[in-house]
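J.: One file is attached below, upload.pdb, containing PDB, C-alpha atoms.
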MODEL        1
ATOM      1  CA  MET A   1      -0.929  83.042  84.515  1.00  0.00           C
ATOM      2  CA  SER A   2       1.871  80.555  85.090  1.00  0.00           C
ATOM      3  CA  ILE A   3       1.358  77.568  87.345  1.00  0.00           C
ATOM      4  CA  LEU A   4       3.816  75.257  89.062  1.00  0.00           C
ATOM      5  CA  HIS A   5       2.219  71.823  89.435  1.00  0.00           C
ATOM      6  CA  THR A   6       3.627  69.576  92.147  1.00  0.00           C
ATOM      7  CA  VAL A   7       3.312  65.793  92.159  1.00  0.00           C
ATOM      8  CA  ASN A   8       4.432  63.901  95.258  1.00  0.00           C
ATOM      9  CA  LYS A   9       2.797  60.503  94.675  1.00  0.00           C
ATOM     10  CA  SER A  10       4.322  57.577  92.811  1.00  0.00           C
ATOM     11  CA  PRO A  11       2.834  57.113  89.325  1.00  0.00           C
ATOM     12  CA  PHE A  12       2.676  53.405  90.175  1.00  0.00           C
ATOM     13  CA  GLU A  13       0.307  53.934  93.123  1.00  0.00           C
ATOM     14  CA  ARG A  14      -1.843  56.944  92.165  1.00  0.00           C
ATOM     15  CA  ASN A  15      -3.001  58.726  89.018  1.00  0.00           C
ATOM     16  CA  SER A  16      -1.786  62.148  90.195  1.00  0.00           C
ATOM     17  CA  LEU A  17       0.762  62.463  87.390  1.00  0.00           C
ATOM     18  CA  GLU A  18      -1.748  61.488  84.712  1.00  0.00           C
ATOM     19  CA  SER A  19      -4.279  64.026  86.002  1.00  0.00           C
ATOM     20  CA  CYS A  20      -1.628  66.712  86.219  1.00  0.00           C
ATOM     21  CA  VAL A  21      -0.393  66.139  82.664  1.00  0.00           C
ATOM     22  CA  GLN A  22      -3.950  66.018  81.332  1.00  0.00           C
ATOM     23  CA  PHE A  23      -5.075  69.298  82.891  1.00  0.00           C
ATOM     24  CA  ALA A  24      -1.869  71.386  82.965  1.00  0.00           C
ATOM     25  CA  SER A  25      -1.782  74.212  80.443  1.00  0.00           C
ATOM     26  CA  ASP A  26       0.966  74.414  77.845  1.00  0.00           C
ATOM     27  CA  GLY A  27       4.073  76.082  79.239  1.00  0.00           C
ATOM     28  CA  ALA A  28       3.341  75.117  82.843  1.00  0.00           C
ATOM     29  CA  ALA A  29       6.009  73.580  85.072  1.00  0.00           C
ATOM     30  CA  VAL A  30       5.775  70.255  86.921  1.00  0.00           C
ATOM     31  CA  LEU A  31       7.908  69.466  89.965  1.00  0.00           C
ATOM     32  CA  LEU A  32       8.227  65.805  90.982  1.00  0.00           C
ATOM     33  CA  PHE A  33       9.160  65.305  94.638  1.00  0.00           C
ATOM     34  CA  GLU A  34       8.798  62.768  97.466  1.00  0.00           C
ATOM     35  CA  ASP A  35       7.559  59.534  95.784  1.00  0.00           C
ATOM     36  CA  GLY A  36       6.708  61.526  92.656  1.00  0.00           C
ATOM     37  CA  VAL A  37      10.405  61.284  91.716  1.00  0.00           C
ATOM     38  CA  TYR A  38       9.748  57.775  90.400  1.00  0.00           C
ATOM     39  CA  ALA A  39       7.962  59.373  87.421  1.00  0.00           C
ATOM     40  CA  ALA A  40      11.277  60.968  86.395  1.00  0.00           C
ATOM     41  CA  LEU A  41      13.071  57.632  85.921  1.00  0.00           C
ATOM     42  CA  ALA A  42      13.945  56.392  82.453  1.00  0.00           C
ATOM     43  CA  GLY A  43      12.924  52.842  81.623  1.00  0.00           C
ATOM     44  CA  THR A  44       9.667  52.793  83.588  1.00  0.00           C
ATOM     45  CA  GLU A  45       6.019  52.661  82.541  1.00  0.00           C
ATOM     46  CA  ALA A  46       5.703  56.363  83.361  1.00  0.00           C
ATOM     47  CA  GLU A  47       8.457  57.384  80.942  1.00  0.00           C
ATOM     48  CA  SER A  48       6.237  57.530  77.847  1.00  0.00           C
ATOM     49  CA  ARG A  49       3.689  59.785  79.586  1.00  0.00           C
ATOM     50  CA  VAL A  50       6.405  62.149  80.746  1.00  0.00           C
ATOM     51  CA  ARG A  51       8.194  62.186  77.368  1.00  0.00           C
ATOM     52  CA  GLU A  52       4.940  63.018  75.556  1.00  0.00           C
ATOM     53  CA  ALA A  53       4.305  65.920  77.935  1.00  0.00           C
ATOM     54  CA  LEU A  54       7.883  67.254  77.787  1.00  0.00           C
ATOM     55  CA  GLY A  55       7.101  69.068  74.560  1.00  0.00           C
ATOM     56  CA  ARG A  56       4.540  71.288  76.234  1.00  0.00           C
ATOM     57  CA  LEU A  57       5.431  71.189  79.951  1.00  0.00           C
ATOM     58  CA  GLU A  58       8.672  71.833  81.829  1.00  0.00           C
ATOM     59  CA  PHE A  59       9.585  69.021  84.232  1.00  0.00           C
ATOM     60  CA  TYR A  60      11.788  69.212  87.316  1.00  0.00           C
ATOM     61  CA  VAL A  61      12.690  66.661  89.970  1.00  0.00           C
ATOM     62  CA  LEU A  62      13.870  67.344  93.503  1.00  0.00           C
ATOM     63  CA  GLY A  63      17.432  65.999  93.769  1.00  0.00           C
ATOM     64  CA  PRO A  64      17.459  65.402  97.543  1.00  0.00           C
ATOM     65  CA  ASP A  65      14.343  63.215  97.215  1.00  0.00           C
ATOM     66  CA  LEU A  66      16.082  61.152  94.514  1.00  0.00           C
ATOM     67  CA  LYS A  67      19.052  60.641  96.801  1.00  0.00           C
ATOM     68  CA  ALA A  68      16.818  59.781  99.775  1.00  0.00           C
ATOM     69  CA  ARG A  69      15.447  56.893  97.704  1.00  0.00           C
ATOM     70  CA  GLY A  70      18.872  55.679  96.597  1.00  0.00           C
ATOM     71  CA  LEU A  71      18.396  56.938  93.031  1.00  0.00           C
ATOM     72  CA  SER A  72      21.028  58.753  90.987  1.00  0.00           C
ATOM     73  CA  GLU A  73      20.551  61.644  88.585  1.00  0.00           C
ATOM     74  CA  ASP A  74      21.896  59.587  85.677  1.00  0.00           C
ATOM     75  CA  ARG A  75      18.639  57.568  85.716  1.00  0.00           C
ATOM     76  CA  ILE A  76      16.508  60.649  84.968  1.00  0.00           C
ATOM     77  CA  ILE A  77      14.653  61.069  81.672  1.00  0.00           C
ATOM     78  CA  GLU A  78      16.515  63.459  79.378  1.00  0.00           C
ATOM     79  CA  GLY A  79      14.945  66.916  79.494  1.00  0.00           C
ATOM     80  CA  ILE A  80      13.992  66.873  83.184  1.00  0.00           C
ATOM     81  CA  GLY A  81      15.817  69.415  85.325  1.00  0.00           C
ATOM     82  CA  VAL A  82      17.147  68.508  88.752  1.00  0.00           C
ATOM     83  CA  VAL A  83      16.678  71.133  91.479  1.00  0.00           C
ATOM     84  CA  ASP A  84      17.621  71.391  95.135  1.00  0.00           C
ATOM     85  CA  TYR A  85      15.466  72.909  97.884  1.00  0.00           C
ATOM     86  CA  ALA A  86      16.469  76.447  96.891  1.00  0.00           C
ATOM     87  CA  GLY A  87      15.477  75.593  93.317  1.00  0.00           C
ATOM     88  CA  PHE A  88      12.081  74.421  94.585  1.00  0.00           C
ATOM     89  CA  VAL A  89      11.601  77.785  96.292  1.00  0.00           C
ATOM     90  CA  ASP A  90      12.718  79.612  93.137  1.00  0.00           C
ATOM     91  CA  LEU A  91      10.204  77.679  91.034  1.00  0.00           C
ATOM     92  CA  ALA A  92       7.388  78.510  93.449  1.00  0.00           C
ATOM     93  CA  ALA A  93       8.375  82.193  93.430  1.00  0.00           C
ATOM     94  CA  GLU A  94       8.620  82.341  89.618  1.00  0.00           C
ATOM     95  CA  HIS A  95       5.051  81.115  89.112  1.00  0.00           C
ATOM     96  CA  ASP A  96       1.795  82.861  89.929  1.00  0.00           C
ATOM     97  CA  LYS A  97       0.243  79.771  91.529  1.00  0.00           C
ATOM     98  CA  VAL A  98       1.235  76.377  92.868  1.00  0.00           C
ATOM     99  CA  GLN A  99      -1.156  73.469  92.273  1.00  0.00           C
ATOM    100  CA  ALA A 100      -0.581  70.304  94.301  1.00  0.00           C
ATOM    101  CA  TRP A 101      -1.787  67.027  92.780  1.00  0.00           C
ATOM    102  CA  LEU A 102      -2.527  64.518  95.530  1.00  0.00           C
TER     103      LEU A 102
ENDMDL
END
As structure tokens, what does this structure read like?
T.:
Amino acid sequence: MSILHTVNKSPFERNSLESCVQFASDGAAVLLFEDGVYAALAGTEAESRVREALGRLEFYVLGPDLKARGLSEDRIIEGIGVVDYAGFVDLAAEHDKVQAWL
């Protein structure tokens, strides 16, 4: 069973990302959106956690939420895919379940 995990909280305010990475099964997908997009930025404290998990999890970030926060795609950690709203819907449809980490 494939699961899409969604994280919408900043890794600098909550431990949602850490919990997600710890409990997500190998091969699962993680979508970072709303303030969760900060976890996708290179050069932050969260980068090492994300890079370690990239070998076993697929990471995506919602492009419009990056732009809404004044962030550009060139600041994203290598290996993270950028999706639009249609891509978000596609990810949800491709997976059996969606697990939100609050």
J.: Might you spell out which residues the PyMOL selection byres ((chain A and resi 46) around 12) would select in the displayed file, as a list in words?
T.: Ser10, Pro11, Phe12, Glu13, Arg14, Asn15, Ser16, Leu17, Glu18, Val21, Gly36, Val37, Tyr38, Ala39, Ala40, Leu41, Ala42, Gly43, Thr44, Glu45, Glu47, Ser48, Arg49, Val50, Arg51, Glu52, Ala53, Ile76 and Ile77 of chain A
J.: Go ahead and save the picked residues with C-alpha atoms, as a compact mmCIF listing (two decimals), in the frame of the given file.
T.:
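Just written: result19.txt:
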# COMPACT_ATOMS: atom_id res chain seq x y z
CA SER A 10 4.32 57.58 92.81
CA PRO A 11 2.83 57.11 89.32
CA PHE A 12 2.68 53.40 90.18
CA GLU A 13 0.31 53.93 93.12
CA ARG A 14 -1.84 56.94 92.16
CA ASN A 15 -3.00 58.73 89.02
CA SER A 16 -1.79 62.15 90.20
CA LEU A 17 0.76 62.46 87.39
CA GLU A 18 -1.75 61.49 84.71
CA VAL A 21 -0.39 66.14 82.66
CA GLY A 36 6.71 61.53 92.66
CA VAL A 37 10.40 61.28 91.72
CA TYR A 38 9.75 57.78 90.40
CA ALA A 39 7.96 59.37 87.42
CA ALA A 40 11.28 60.97 86.40
CA LEU A 41 13.07 57.63 85.92
CA ALA A 42 13.94 56.39 82.45
CA GLY A 43 12.92 52.84 81.62
CA THR A 44 9.67 52.79 83.59
CA GLU A 45 6.02 52.66 82.54
CA GLU A 47 8.46 57.38 80.94
CA SER A 48 6.24 57.53 77.85
CA ARG A 49 3.69 59.78 79.59
CA VAL A 50 6.40 62.15 80.75
CA ARG A 51 8.19 62.19 77.37
CA GLU A 52 4.94 63.02 75.56
CA ALA A 53 4.30 65.92 77.94
CA ILE A 76 16.51 60.65 84.97
CA ILE A 77 14.65 61.07 81.67
J.: Tell me, in Å to one decimal, how far atom CA of A:Pro64 is from atom CA of A:Met1.
T.: 28.6 Å
J.: Work out how far atom CA of A:Ser2 is from atom CA of A:Glu73, in Å to one decimal.
T.: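 Atom-to-atom, atom CA of A:Glu73 to atom CA of A:Ser2, that is 26.8 Å.
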J.: Between atom CA of A:Gly79 and atom CA of A:Ala24, what is the spacing in Å?
T.: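 Distance between the two atoms: 17.7 Å.
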J.: Nearest to A:Ile3: which of A:Asp65, A:Glu58, A:Glu78, A:Glu34 is it, counting all atoms listed in the file?
T.: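 Of A:Asp65, A:Glu58, A:Glu78, A:Glu34, the one nearest A:Ile3, counting all atoms listed in the file, is A:Glu58.
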